[in-house]
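**Q** Sharing query-v2.cif (mmCIF, C-alpha atoms) below.
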```cif
data_my_file
#
loop_
_atom_site.label_atom_id
_atom_site.label_comp_id
_atom_site.auth_asym_id
_atom_site.auth_seq_id
_atom_site.Cartn_x
_atom_site.Cartn_y
_atom_site.Cartn_z
CA LEU A 1 -0.31 -2.93 -11.13
CA PRO A 2 -0.24 0.88 -11.00
CA LYS A 3 3.20 2.30 -10.36
CA MET A 4 2.61 4.33 -7.22
CA SER A 5 0.31 4.70 -4.24
CA GLY A 6 -2.18 7.50 -4.70
CA SER A 7 -2.28 7.01 -8.45
CA ILE A 8 -5.59 6.86 -10.28
CA GLY A 9 -5.27 3.08 -10.55
CA PHE A 10 -4.78 2.49 -6.82
CA GLN A 11 -7.53 4.92 -5.85
CA ALA A 12 -9.92 3.32 -8.32
CA ALA A 13 -9.12 -0.09 -6.80
CA ARG A 14 -9.80 1.25 -3.30
CA ASP A 15 -13.04 2.87 -4.37
CA ARG A 16 -14.26 -0.53 -5.51
CA VAL A 17 -13.71 -2.01 -2.04
CA SER A 18 -16.94 -2.46 -0.09
CA MET A 19 -18.22 -4.59 2.74
CA ASP A 20 -20.68 -6.21 0.32
CA GLY A 21 -17.82 -7.17 -1.99
CA GLU A 22 -15.87 -8.64 0.92
CA ILE A 23 -18.91 -10.68 1.97
CA ARG A 24 -19.15 -12.10 -1.56
CA LYS A 25 -15.46 -13.03 -1.48
CA ALA A 26 -15.98 -14.79 1.85
CA ARG A 27 -18.85 -16.77 0.32
CA TRP A 28 -16.60 -17.91 -2.54
CA LEU A 29 -14.02 -18.97 0.06
CA PHE A 30 -16.55 -20.96 2.07
CA ASP A 31 -17.96 -22.57 -1.10
CA GLY A 32 -14.53 -24.12 -1.61
CA ILE A 33 -14.47 -25.96 1.74
CA ALA A 34 -15.12 -29.69 1.36
CA ASP A 35 -18.26 -30.88 3.11
CA TYR A 36 -17.61 -34.00 5.19
CA ARG A 37 -21.31 -34.62 5.83
CA ALA A 38 -23.78 -36.83 3.99
CA GLY A 39 -25.60 -35.41 0.98
CA ASN A 40 -29.00 -35.03 2.67
CA THR A 41 -28.00 -32.08 4.87
CA VAL A 42 -30.40 -29.28 5.76
CA HIS A 43 -27.90 -26.42 5.80
CA GLN A 44 -25.24 -25.77 3.18
CA LEU A 45 -21.75 -25.82 4.68
CA SER A 46 -21.05 -22.36 3.23
CA ASP A 47 -24.19 -21.06 5.00
CA VAL A 48 -22.89 -22.39 8.30
CA PHE A 49 -19.51 -20.73 7.84
CA MET A 50 -21.15 -17.51 6.65
CA SER A 51 -23.32 -17.51 9.78
CA GLY A 52 -20.20 -17.59 11.91
CA LEU A 53 -18.64 -14.76 9.94
CA ALA A 54 -21.87 -12.72 10.12
CA MET A 55 -21.94 -13.15 13.89
CA PHE A 56 -18.45 -11.67 14.23
CA SER A 57 -18.96 -9.03 11.54
CA LEU A 58 -22.05 -7.73 13.31
CA LYS A 59 -20.36 -8.00 16.74
CA TYR A 60 -22.85 -10.31 18.46
CA HIS A 61 -21.52 -11.03 21.92
CA SER A 62 -22.47 -14.73 21.92
CA LEU A 63 -23.83 -17.52 19.75
CA LEU A 64 -27.04 -17.49 21.81
CA ASP A 65 -27.49 -13.78 21.12
CA PHE A 66 -26.94 -14.46 17.42
CA ASP A 67 -29.38 -17.39 17.50
CA GLN A 68 -32.25 -15.31 18.93
CA GLN A 69 -33.07 -13.49 15.71
CA THR A 70 -35.98 -11.29 14.79
CA ILE A 71 -37.85 -11.79 11.52
CA ILE A 72 -35.99 -8.76 10.13
CA GLU A 73 -32.61 -10.16 11.18
CA ARG A 74 -33.29 -13.46 9.47
CA GLU A 75 -34.29 -11.73 6.26
CA ASN A 76 -31.23 -9.48 6.40
CA LEU A 77 -28.95 -12.47 6.93
CA LYS A 78 -30.40 -13.84 3.70
CA GLN A 79 -30.25 -10.56 1.76
CA VAL A 80 -26.97 -9.11 3.05
CA PHE A 81 -24.94 -12.25 3.80
CA GLY A 82 -26.61 -14.62 1.33
CA ILE A 83 -27.48 -17.17 4.02
CA GLU A 84 -30.33 -19.21 2.59
CA SER A 85 -30.75 -21.54 5.56
CA ILE A 86 -29.89 -20.31 9.06
CA SER A 87 -28.79 -23.06 11.42
CA SER A 88 -29.28 -23.07 15.18
CA ASP A 89 -26.39 -22.25 17.49
CA THR A 90 -26.16 -25.95 18.44
CA ASN A 91 -25.99 -27.08 14.82
CA LEU A 92 -23.47 -24.36 13.97
CA ARG A 93 -21.16 -25.57 16.73
CA THR A 94 -21.60 -29.22 15.75
CA VAL A 95 -20.88 -28.67 12.05
CA LEU A 96 -17.92 -26.30 12.48
CA ASP A 97 -16.35 -28.58 15.09
CA LYS A 98 -15.77 -31.34 12.53
CA CYS A 99 -14.69 -29.22 9.55
CA ASP A 100 -11.13 -28.92 8.33
CA ASN A 101 -10.18 -25.28 8.94
CA THR A 102 -7.00 -25.24 6.81
CA VAL A 103 -8.75 -23.13 4.17
CA LEU A 104 -9.45 -20.49 6.81
CA ARG A 105 -5.87 -20.60 8.04
CA ASP A 106 -4.48 -20.08 4.55
CA CYS A 107 -7.03 -17.52 3.30
CA PHE A 108 -5.03 -14.58 4.64
CA ALA A 109 -2.31 -15.19 2.06
CA GLY A 110 -4.97 -14.83 -0.64
CA ARG A 111 -6.17 -11.59 0.92
CA PHE A 112 -2.59 -10.29 0.77
CA LYS A 113 -3.16 -9.90 -2.97
CA ASP A 114 -5.90 -7.37 -2.20
CA LEU A 115 -3.44 -5.31 -0.18
CA GLN A 116 -1.15 -5.30 -3.20
CA ARG A 117 -3.92 -4.56 -5.69
CA THR A 118 -5.14 -1.51 -3.75
CA GLY A 119 -1.66 -0.11 -3.14
CA LEU A 120 -1.74 -0.73 0.59
CA LEU A 121 1.45 -2.79 0.42
CA LYS A 122 3.10 0.19 -1.24
CA ASP A 123 1.83 2.44 1.54
CA TYR A 124 3.02 0.02 4.22
CA GLU A 125 6.59 -0.22 2.94
CA TYR A 126 8.80 1.27 5.63
CA GLY A 127 12.12 2.88 4.79
CA ILE A 128 15.37 2.31 6.67
CA ALA A 129 18.09 4.18 4.76
CA ASP A 130 17.84 3.04 1.14
CA ASN A 131 15.93 -0.17 1.89
CA LYS A 132 12.19 -0.64 2.23
CA TYR A 133 10.54 -3.30 4.36
CA LEU A 134 7.14 -4.75 5.16
CA ILE A 135 7.09 -4.96 8.96
CA VAL A 136 5.61 -8.18 10.34
CA SER A 137 4.76 -8.25 14.05
CA CYS A 138 4.25 -11.63 15.69
CA ASP A 139 2.73 -12.43 19.08
CA GLY A 140 0.51 -14.95 20.85
CA VAL A 141 -2.97 -14.47 22.31
CA GLN A 142 -5.36 -16.66 24.30
CA HIS A 143 -8.85 -17.12 22.82
CA PHE A 144 -10.40 -19.85 24.99
CA SER A 145 -10.17 -20.56 28.71
CA SER A 146 -12.17 -22.78 31.06
CA LYS A 147 -11.78 -24.84 34.21
CA GLN A 148 -14.62 -27.18 33.30
CA ILE A 149 -14.45 -27.72 29.52
CA SER A 150 -11.52 -29.37 27.78
CA CYS A 151 -10.48 -31.41 24.77
CA PRO A 152 -7.37 -33.38 23.73
CA CYS A 153 -6.00 -30.24 22.04
CA CYS A 154 -6.27 -28.04 25.15
CA LEU A 155 -3.20 -26.59 26.81
CA GLU A 156 -3.19 -27.07 30.58
CA LYS A 157 -2.22 -24.63 33.31
CA LYS A 158 -2.00 -26.30 36.71
CA HIS A 159 -2.56 -24.14 39.77
CA LYS A 160 -1.22 -24.47 43.32
CA ASP A 161 -4.66 -25.40 44.65
CA GLY A 162 -4.72 -28.45 42.36
CA SER A 163 -7.16 -27.00 39.84
CA VAL A 164 -6.44 -26.88 36.12
CA THR A 165 -7.27 -24.20 33.56
CA TYR A 166 -7.71 -25.47 30.00
CA HIS A 167 -7.04 -23.02 27.21
CA HIS A 168 -6.37 -22.48 23.51
CA ASN A 169 -3.93 -19.88 22.20
CA MET A 170 -3.19 -18.52 18.75
CA LEU A 171 0.09 -17.19 17.39
CA CYS A 172 -0.68 -14.34 14.99
CA SER A 173 1.48 -12.37 12.59
CA ALA A 174 0.33 -9.06 11.20
CA LEU A 175 1.48 -6.41 8.76
CA VAL A 176 2.09 -3.17 10.69
CA ASN A 177 3.58 0.24 10.09
CA PRO A 178 4.40 2.91 12.72
CA ASN A 179 2.63 5.54 10.59
CA LYS A 180 -0.56 3.53 9.93
CA ARG A 181 -3.41 2.61 12.25
CA GLU A 182 -4.75 -0.42 10.35
CA VAL A 183 -3.20 -3.79 11.11
CA PHE A 184 -3.56 -6.68 8.65
CA ILE A 185 -3.38 -10.29 9.84
CA ILE A 186 -1.27 -12.31 7.38
CA ALA A 187 -0.90 -15.69 9.13
CA ASN A 188 -2.03 -17.58 12.23
CA GLU A 189 -0.89 -20.77 13.91
CA PRO A 190 -2.83 -22.50 16.72
CA ILE A 191 -0.91 -23.12 19.93
CA VAL A 192 -2.57 -26.38 20.94
CA GLN A 193 -1.58 -29.80 22.17
CA GLN A 194 0.14 -31.59 19.30
CA ASP A 195 -0.56 -35.21 18.33
CA GLY A 196 1.79 -37.69 19.97
CA THR A 197 3.05 -35.31 22.67
CA THR A 198 2.38 -35.01 26.38
CA LYS A 199 3.92 -31.59 26.99
CA ASN A 200 2.12 -28.33 26.28
CA ASP A 201 2.71 -26.71 22.93
CA CYS A 202 4.37 -23.30 23.21
CA GLU A 203 4.88 -20.09 21.23
CA LEU A 204 8.35 -21.07 20.06
CA ASN A 205 7.18 -24.40 18.65
CA ALA A 206 4.20 -22.67 17.05
CA ALA A 207 6.59 -20.08 15.60
CA LYS A 208 8.50 -22.80 13.77
CA ARG A 209 5.26 -23.86 12.09
CA LEU A 210 4.14 -20.28 11.50
CA TYR A 211 7.29 -19.20 9.67
CA GLN A 212 7.24 -22.36 7.60
CA GLN A 213 3.67 -21.43 6.68
CA LEU A 214 4.73 -17.85 5.86
CA ASP A 215 7.63 -19.10 3.76
CA GLU A 216 5.31 -21.35 1.75
CA ASN A 217 2.36 -18.98 1.36
CA TYR A 218 4.33 -15.80 0.66
CA ALA A 219 7.23 -17.19 -1.37
CA SER A 220 6.08 -15.37 -4.52
CA TYR A 221 6.31 -11.99 -2.75
CA LYS A 222 9.87 -12.30 -1.46
CA GLN A 223 11.47 -11.15 -4.71
CA ARG A 224 9.53 -7.88 -4.57
CA TYR A 225 9.21 -7.18 -0.83
CA ASN A 226 11.60 -7.38 2.11
CA PHE A 227 9.91 -8.79 5.21
CA LEU A 228 11.12 -7.39 8.54
CA VAL A 229 10.05 -9.39 11.62
CA VAL A 230 9.62 -7.57 14.95
CA GLU A 231 9.16 -9.72 18.08
CA ASP A 232 9.61 -9.75 21.84
CA ALA A 233 12.52 -11.19 23.83
CA LEU A 234 11.13 -14.73 23.84
CA TYR A 235 12.26 -15.08 20.23
CA ALA A 236 15.82 -13.77 20.64
CA ASN A 237 17.47 -17.19 20.42
CA ALA A 238 19.83 -18.64 17.85
CA PRO A 239 17.56 -21.39 16.40
CA HIS A 240 14.73 -18.93 15.77
CA LEU A 241 16.97 -16.26 14.26
CA ARG A 242 18.52 -18.86 11.98
CA GLN A 243 15.05 -19.89 10.81
CA LEU A 244 14.31 -16.26 9.93
CA GLN A 245 17.59 -16.04 8.04
CA ASP A 246 16.86 -19.29 6.21
CA VAL A 247 13.54 -17.93 4.89
CA GLY A 248 15.16 -14.60 3.99
CA TYR A 249 13.52 -12.35 6.61
CA SER A 250 15.24 -9.51 8.43
CA PHE A 251 14.54 -9.01 12.13
CA ILE A 252 14.50 -6.56 15.02
CA ILE A 253 13.90 -8.41 18.29
CA ASN A 254 13.75 -7.19 21.85
CA VAL A 255 16.39 -8.45 24.30
CA LYS A 256 16.50 -8.14 28.08
CA PRO A 257 19.40 -8.23 30.59
CA ASP A 258 17.85 -11.07 32.62
CA SER A 259 17.47 -13.44 29.67
CA HIS A 260 20.56 -12.39 27.67
CA LYS A 261 23.20 -11.99 30.36
CA SER A 262 26.24 -12.80 28.21
CA LEU A 263 25.12 -10.35 25.53
CA PHE A 264 24.70 -7.51 28.02
CA ALA A 265 28.01 -8.38 29.70
CA HIS A 266 29.63 -8.11 26.27
CA ILE A 267 28.00 -4.70 25.77
CA GLU A 268 29.21 -3.48 29.17
CA GLY A 269 32.71 -4.53 28.26
CA ARG A 270 32.48 -2.62 24.99
CA ARG A 271 31.10 0.40 26.84
CA SER A 272 33.95 0.38 29.36
CA ARG A 273 36.43 0.34 26.47
CA LYS A 274 34.52 3.17 24.76
CA GLN A 275 33.73 0.98 21.77
CA ILE A 276 30.05 1.94 21.69
CA LYS A 277 28.81 4.45 19.13
CA THR A 278 26.25 7.04 20.20
CA HIS A 279 23.75 9.42 18.64
CA THR A 280 21.11 11.80 20.04
CA VAL A 281 17.99 13.10 18.32
CA HIS A 282 15.59 15.79 19.59
CA GLN A 283 12.22 15.22 17.98
CA ASP A 284 8.50 15.23 18.81
CA GLY A 285 9.17 16.92 22.16
CA CYS A 286 11.41 14.03 23.26
CA THR A 287 15.11 13.35 23.52
CA HIS A 288 16.13 10.09 21.83
CA ARG A 289 19.52 8.67 22.86
CA PHE A 290 21.02 5.74 20.98
CA GLU A 291 23.99 3.48 21.67
CA TRP A 292 24.94 0.64 19.36
CA VAL A 293 27.53 -1.83 18.29
CA ASN A 294 27.56 -3.96 15.13
CA ASP A 295 28.71 -7.51 14.45
CA ILE A 296 28.84 -9.13 17.89
CA PRO A 297 27.82 -12.66 19.03
CA LEU A 298 24.29 -13.18 20.31
CA ASN A 299 25.63 -15.36 23.12
CA ASN A 300 28.78 -17.17 24.28
CA THR A 301 27.63 -20.63 23.23
CA ASP A 302 26.92 -19.70 19.61
CA GLY A 303 29.46 -17.14 18.51
CA ALA A 304 28.80 -17.96 14.87
CA LEU A 305 25.50 -16.08 14.95
CA ARG A 306 26.40 -12.40 14.72
CA ILE A 307 23.93 -9.61 15.41
CA ASN A 308 23.83 -5.84 15.81
CA PHE A 309 22.80 -4.36 19.17
CA LEU A 310 20.81 -1.15 19.76
CA HIS A 311 20.23 0.51 23.15
CA TYR A 312 17.63 3.28 23.16
CA GLN A 313 16.48 5.76 25.80
CA GLN A 314 13.56 8.12 25.32
CA THR A 315 13.11 11.08 27.65
CA ASN A 316 9.83 12.94 27.30
CA SER A 317 9.04 16.58 28.06
CA LYS A 318 8.24 15.68 31.71
CA GLY A 319 11.60 14.02 32.22
CA LYS A 320 10.35 10.44 32.21
CA THR A 321 12.87 8.04 30.68
CA THR A 322 12.02 4.74 29.00
CA THR A 323 14.65 2.23 27.88
CA PHE A 324 14.55 -0.40 25.13
CA THR A 325 17.16 -2.81 23.77
CA TRP A 326 17.04 -4.79 20.53
CA VAL A 327 19.14 -7.03 18.29
CA THR A 328 18.86 -6.87 14.52
CA ASP A 329 20.51 -8.07 11.34
CA ILE A 330 20.28 -4.55 9.88
CA LYS A 331 23.55 -2.65 10.16
CA ILE A 332 23.10 0.25 12.58
CA THR A 333 24.35 3.74 11.74
CA ALA A 334 23.57 7.23 13.01
CA LYS A 335 21.26 7.76 10.03
CA ARG A 336 19.43 4.47 10.56
CA CYS A 337 19.00 4.17 14.34
CA TYR A 338 15.88 6.36 14.64
CA ALA A 339 14.11 4.48 11.83
CA ILE A 340 15.15 1.12 13.32
CA MET A 341 13.74 2.20 16.69
CA ARG A 342 10.37 3.18 15.22
CA ALA A 343 10.12 -0.10 13.33
CA ALA A 344 10.94 -2.05 16.51
CA ARG A 345 8.31 -0.19 18.55
CA ALA A 346 5.69 -0.93 15.88
CA ARG A 347 5.69 -4.46 17.33
CA TRP A 348 3.22 -3.21 19.93
CA LYS A 349 0.61 -2.60 17.24
CA ILE A 350 -0.29 -6.29 17.16
CA GLU A 351 -1.15 -5.98 20.86
CA ASN A 352 -2.63 -2.47 20.91
CA GLU A 353 -4.36 -2.33 17.53
CA THR A 354 -5.20 -6.03 17.08
CA PHE A 355 -5.63 -7.97 20.32
CA ASN A 356 -6.94 -5.03 22.37
CA THR A 357 -9.39 -4.18 19.58
CA LEU A 358 -10.58 -7.80 19.43
CA LYS A 359 -10.99 -7.92 23.21
CA ASN A 360 -12.44 -4.48 23.93
CA LEU A 361 -14.00 -2.95 20.82
CA GLY A 362 -16.93 -5.20 20.02
CA TYR A 363 -15.43 -8.50 18.85
CA HIS A 364 -15.53 -10.18 22.30
CA PHE A 365 -12.40 -12.19 21.51
CA GLU A 366 -12.07 -13.63 25.02
CA HIS A 367 -15.70 -14.74 25.21
CA ASN A 368 -16.08 -18.53 24.91
CA TYR A 369 -18.25 -18.78 21.79
CA GLY A 370 -17.78 -22.52 21.79
CA HIS A 371 -15.20 -25.21 22.41
CA GLY A 372 -16.29 -28.46 20.81
CA LYS A 373 -14.33 -31.70 20.77
CA ASP A 374 -12.18 -31.21 17.69
CA HIS A 375 -11.73 -27.92 15.80
CA LEU A 376 -14.50 -25.57 16.90
CA SER A 377 -12.51 -23.22 19.13
CA THR A 378 -9.79 -22.71 16.52
CA THR A 379 -12.29 -22.39 13.65
CA LEU A 380 -14.23 -19.68 15.48
CA ALA A 381 -10.97 -17.85 16.20
CA TYR A 382 -10.09 -17.98 12.48
CA LEU A 383 -13.54 -16.60 11.58
CA MET A 384 -13.18 -13.73 14.04
CA LEU A 385 -9.71 -12.90 12.70
CA LEU A 386 -11.11 -12.98 9.17
CA ALA A 387 -13.92 -10.61 10.20
CA PHE A 388 -11.32 -8.31 11.76
CA HIS A 389 -9.17 -8.40 8.60
CA ILE A 390 -12.19 -7.52 6.44
CA ASP A 391 -13.08 -4.64 8.76
CA GLN A 392 -9.52 -3.30 8.64
CA PHE A 393 -9.42 -3.56 4.84
CA VAL A 394 -12.73 -1.76 4.40
CA GLN A 395 -11.67 0.85 6.95
CA ALA A 396 -8.47 1.51 5.00
CA CYS A 397 -10.18 1.80 1.62
CA SER A 398 -13.84 2.83 1.88
CA ARG A 399 -14.56 6.56 1.88
CA VAL A 400 -18.09 5.91 3.16
CA PHE A 401 -16.83 3.92 6.15
CA LYS A 402 -14.19 6.55 6.92
CA ALA A 403 -16.84 9.29 6.92
CA LEU A 404 -19.06 7.32 9.31
CA GLU A 405 -16.22 6.52 11.68
CA ALA A 406 -14.93 10.11 11.68
CA HIS A 407 -18.36 11.42 12.67
CA LEU A 408 -19.23 8.78 15.30
CA LYS A 409 -15.66 8.91 16.66
CA THR A 410 -15.76 5.49 18.38
CA LYS A 411 -15.93 2.02 16.86
CA ILE A 412 -18.24 0.82 19.63
CA LYS A 413 -20.83 3.45 18.67
CA LEU A 414 -20.51 2.64 14.97
CA TRP A 415 -20.80 -1.15 15.46
CA ALA A 416 -23.80 -0.71 17.77
CA THR A 417 -25.59 1.52 15.26
CA ILE A 418 -24.96 -0.87 12.36
CA LYS A 419 -26.20 -3.81 14.42
CA SER A 420 -29.27 -1.89 15.55
CA ILE A 421 -30.24 -1.06 11.96
CA PHE A 422 -29.57 -4.66 10.92
CA GLN A 423 -31.99 -5.86 13.61
CA THR A 424 -34.80 -3.39 12.93
CA THR A 425 -34.71 -2.35 9.25
CA TYR A 426 -35.01 -4.49 6.14
CA ALA A 427 -31.80 -4.07 4.13
CA LYS A 428 -30.50 -5.43 0.84
CA SER A 429 -26.83 -4.64 1.45
CA MET A 430 -24.31 -3.33 3.94
CA ASP A 431 -24.00 -0.25 1.76
CA PHE A 432 -27.70 0.44 2.44
CA ILE A 433 -27.03 0.10 6.18
CA TYR A 434 -23.98 2.40 6.04
CA ARG A 435 -26.01 5.03 4.22
CA ARG A 436 -28.81 4.61 6.75
CA VAL A 437 -26.28 5.40 9.49
CA ALA A 438 -25.32 8.54 7.55
CA ILE A 439 -28.96 9.65 7.38
CA LEU A 440 -29.53 9.07 11.09
CA PHE A 441 -26.50 11.16 12.06
CA GLN A 442 -26.82 13.70 9.22
CA ILE A 443 -23.43 12.76 7.78
CA GLN A 444 -22.71 14.16 4.34
CA LEU A 445 -21.33 11.48 2.04
CA GLU A 446 -19.57 12.13 -1.26
#
```
What does the file become when written as C-alpha cells?

**A**
Amino acid sequence: LPKMSGSIGFQAARDRVSMDGEIRKARWLFDGIADYRAGNTVHQLSDVFMSGLAMFSLKYHSLLDFDQQTIIERENLKQVFGIESISSDTNLRTVLDKCDNTVLRDCFAGRFKDLQRTGLLKDYEYGIADNKYLIVSCDGVQHFSSKQISCPCCLEKKHKDGSVTYHHNMLCSALVNPNKREVFIIANEPIVQQDGTTKNDCELNAAKRLYQQLDENYASYKQRYNFLVVEDALYANAPHLRQLQDVGYSFIINVKPDSHKSLFAHIEGRRSRKQIKTHTVHQDGCTHRFEWVNDIPLNNTDGALRINFLHYQQTNSKGKTTTFTWVTDIKITAKRCYAIMRAARARWKIENETFNTLKNLGYHFEHNYGHGKDHLSTTLAYLMLLAFHIDQFVQACSRVFKALEAHLKTKIKLWATIKSIFQTTYAKSMDFIYRRVAILFQIQLE
C-alpha cells in the first residue's frame, strides 16, 4: 500500500473508484450466493439480488414503483446493472425471503479492504495524544413496523389498548470521524426473535453477537489499527465493557446519573474532596470545561472493572450550556480531554449521517418494502445498507460525483435527477448518467 494519504498511489486508487465498478463488485458478490431453488428457474439469483440493490441505489420509494418500469428503465437495468431477467416484485420478495443472507451480512468486512486500498482508513485515523484510532459508532435502528403483518422473528411491542406492534430492528456499527462527513457501515446484526426463546431480543444481546462478528471479520486489522468504540449509556455495563476489552477495543461510552448512581455518587465524593482535575479550552466560539478522574470503579458491585470518567460542559456564544459525561479506558489528561470529547461526540454521526440519511434523503429506510415469512425484511435492510455504503464510498472518492453534488447542493435533487435520466434516457453506464447530469446543469467536469 502507498505510505500516506494524498500520495499518488492513494489518489490513483480513488480515481479508479466509480459507481459502475461498485455495481460490478456487487454482481460478483451476488454470484457467490448459493441458490436454494431448482435448476429450472426463470431468473438468476444474482439478477434478483441485483434488482433489489438497483431499487435502493436509484432510490425507488417502493417495490411497486420499481416494478412499474418503462421500456427504457428495463433496458437500463440490463445495461447499467447487468440484470438479464427482471423479476416481478412478487417474485423478488418470494425469492429473497428464502435466501441465506449471511453473505450480505459479512460483505462489509470485504469492503473494508477498499477503504484501506484508497487511503480512507488512513484519513479516518483519529489522534488522541500519540495514539491513533479508528472510531466505531454503534447504535440500533428500526427498519420494519406493522400492526397487521408478523413472523416468528418479529419483536413485539404490546400497547395499553391491547394492540401489538410487530417490528424488526438492526444493530449497526459504522466507521466515523468528527472531521469527515462520510460514514462507512462495517457490520450489522439483526435484532430479531431468536430461536428457542420467548422474550424479545434486545440491543445488548445483539451487541454480543455483533462484537463477536467484528472480532472474527476484522481480526487481521487489529495489529495495524486501534478500534475505538463510542456508544450510548445503554452499553455502560461491566459485561459489555469486558467483551470490548477481550477483543482488544478501546471505548468511550456515555453515562447518565439516573442509570449510574453509584458512579456519580463516587464522583461527587471526589469533587467534595477536591480530587477532580479540571481544564478549560476556549475554541470555535465556545468555552469547553472539563473535569475528570482516572482509575475508579464503574460501580459498587464490580470494583474490579476500573474506568476513567470525563465530565464536559460546552457553553456557546449565546450562553447556552450543554453537559455530557463519559467513561473510557483511555487515560485522561489536560492534553487529551478535548480530543476524547470530540471522539465521543462523533457517536452521533451514526444517527445524523447514517440513519437520518436513510430515513429522509431518498432511501426510504422506514418504508415497509416487504416482510416475508423468513428473511426478507432483514435481507432488504442489508441491501439498502450496502447501497448506502456504496454511495458513501463513491462520494468520498469520485471527483465527478463530488462536482455534481457541490453544484446541486442537495442529495434529494441529485438522486431525483439521476433517477429521472435513468427512466427517460437510454444509458450504458452510471458514468454516462452522471455526465448527462453535468450537461443538464452546465457543470464543468475535469

**Q** What gap, in Å, lies between CA of Ala26 in chain A and CA of Arg111 in chain A?

**A**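 Separating CA of Ala26 in chain A from CA of Arg111 in chain A is a distance of 10.4 Å.
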
**Q** My list of candidates is A:Ile330, A:Ile186, A:His375, A:Ile350. Which is closest to Asp130 in chain A when distances are computed with all atoms listed in the file?

**A**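 Checking each of A:Ile330, A:Ile186, A:His375, A:Ile350 against Asp130 in chain A, counting all atoms listed in the file, the winner is A:Ile330.
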
**Q** As a tab-separated table (two decimals) with C-alpha atoms, keeping the file's coordinate frame, please: the residues near range 228-238 of chain A (cut-off 7 Å, only C-alpha atoms, same-chain neighbours under 2 positions excluded).

**A**
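Saved result, part21.tsv, follows:
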```tsv
chain	number	residue	atom	x	y	z
A	133	TYR	CA	10.54	-3.30	4.36
A	134	LEU	CA	7.14	-4.75	5.16
A	135	ILE	CA	7.09	-4.96	8.96
A	136	VAL	CA	5.61	-8.18	10.34
A	137	SER	CA	4.76	-8.25	14.05
A	138	CYS	CA	4.25	-11.63	15.69
A	226	ASN	CA	11.60	-7.38	2.11
A	240	HIS	CA	14.73	-18.93	15.77
A	241	LEU	CA	16.97	-16.26	14.26
A	242	ARG	CA	18.52	-18.86	11.98
A	249	TYR	CA	13.52	-12.35	6.61
A	250	SER	CA	15.24	-9.51	8.43
A	251	PHE	CA	14.54	-9.01	12.13
A	252	ILE	CA	14.50	-6.56	15.02
A	253	ILE	CA	13.90	-8.41	18.29
A	254	ASN	CA	13.75	-7.19	21.85
A	255	VAL	CA	16.39	-8.45	24.30
A	256	LYS	CA	16.50	-8.14	28.08
A	305	LEU	CA	25.50	-16.08	14.95
A	344	ALA	CA	10.94	-2.05	16.51
A	347	ARG	CA	5.69	-4.46	17.33
```

**Q** One decimal, Å: what's the distance from CA of Val281 in chain A over to CA of Lys320 in chain A, could you say?

**A** 16.1 Å

**Q** Using all atoms listed in the file, which protein or nucleic acid residues come within 9 Å of Leu64 in chain A? Drop anything in the same chain fewer than 5 positions from it, and give the result as a PyMOL selection string.

**A** chain A and resi 88-89+369

**Q** Pull out every residue that the PyMOL selection byres ((chain A and resi 50-53) around 7) matches in the shown coordinates and put them as JSON, numbers by chain.

**A** {"A": [27, 46, 47, 48, 49, 54, 55, 56, 57, 83, 383, 384, 387]}

**Q** For a quick check of your reading of the model, name the residues lying within 10 Å of the coordinate (-24.1, 0.3, 11.3), counting all atoms listed in the file, and write them as a PyMOL selection string.

**A** chain A and resi 58+401+404+413-422+430-438

**Q** Mind telling me what the PyMOL selection byres ((chain A and resi 173) around 12) catches here, as a count of residues only?

**A** 43

**Q** Write out as a PyMOL selection string each polymer residue whose atoms come within 9 Å of range 100-104 of chain A, counting all atoms listed in the file; drop sequence neighbours fewer than 5 positions from it.

**A** chain A and resi 29-30+32-34+36+375+378-379+382-383+386

**Q** For the residues in the current selection, export C-alpha atoms as a PDB file, in the frame of the given file.

**A**
```
ATOM      1  CA  LEU A  29     -14.020 -18.970   0.060  1.00  0.00           C
ATOM      2  CA  PHE A  30     -16.550 -20.960   2.070  1.00  0.00           C
ATOM      3  CA  GLY A  32     -14.530 -24.120  -1.610  1.00  0.00           C
ATOM      4  CA  ILE A  33     -14.470 -25.960   1.740  1.00  0.00           C
ATOM      5  CA  ALA A  34     -15.120 -29.690   1.360  1.00  0.00           C
ATOM      6  CA  TYR A  36     -17.610 -34.000   5.190  1.00  0.00           C
ATOM      7  CA  HIS A 375     -11.730 -27.920  15.800  1.00  0.00           C
ATOM      8  CA  THR A 378      -9.790 -22.710  16.520  1.00  0.00           C
ATOM      9  CA  THR A 379     -12.290 -22.390  13.650  1.00  0.00           C
ATOM     10  CA  TYR A 382     -10.090 -17.980  12.480  1.00  0.00           C
ATOM     11  CA  LEU A 383     -13.540 -16.600  11.580  1.00  0.00           C
ATOM     12  CA  LEU A 386     -11.110 -12.980   9.170  1.00  0.00           C
TER      13      LEU A 386
END
```

**Q** Expressed in Å to a single decimal, how great is the separation between CA of Asn91 in chain A and CA of Phe144 in chain A?

**A**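 Atom-to-atom, CA of Asn91 in chain A and CA of Phe144 in chain A are spaced 20.0 Å apart.
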
**Q** Using all atoms of range 47-60 of chain A that appear in the file, construct an axis-aligned enclosing box with 5 Å of padding on every side and provide its centre coordinates and edge lengths in Å, rounded to one decimal, as AutoDock Vina command-line options.

**A**
```
--center_x -21.3 --center_y -15.1 --center_z 11.7 --size_x 15.7 --size_y 24.7 --size_z 23.5
```

**Q** With all atoms listed in the file as the atoms that count, which of A:Tyr60, A:Phe365, A:Tyr312, A:Trp28 lies nearest to Arg342 in chain A?

**A**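 When distances to Arg342 in chain A are compared using all atoms listed in the file, the smallest one comes from A:Tyr312.
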
**Q** Of the residues A:Phe112, A:Ser398, A:Val17, A:His260, which is the one nearest to Ser220 in chain A, using only C-alpha atoms?

**A**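 For Ser220 in chain A, the nearest of the candidates is A:Phe112.
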
**Q** Counting all atoms listed in the file, figure out which residue out of A:Leu358, A:Ala406, A:Ile191, A:Cys397 gets nearest to Leu155 in chain A.

**A**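 Under the stated criterion, the closest residue is A:Ile191.
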
**Q** Have a look at A:Lys335, A:Lys428, A:His266, A:Lys180 and name the one nearest to Glu125 in chain A; count all atoms listed in the file.

**A**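 Closest to Glu125 in chain A, using all atoms listed in the file: A:Lys180.
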
**Q** I need the residue nearest Ile412 in chain A from this list: A:Leu361, A:Ile439, A:Met341, A:Cys107. Use only C-alpha atoms for the distance.

**A** A:Leu361

**Q** Which residues are close to Lys199 in chain A, i.e. within 12 Å by only C-alpha atoms, leaving aside same-chain residues fewer than 6 positions away? Reply as an MDAnalysis selection string.

**A** chainID A and resid 152:157 192:193 205
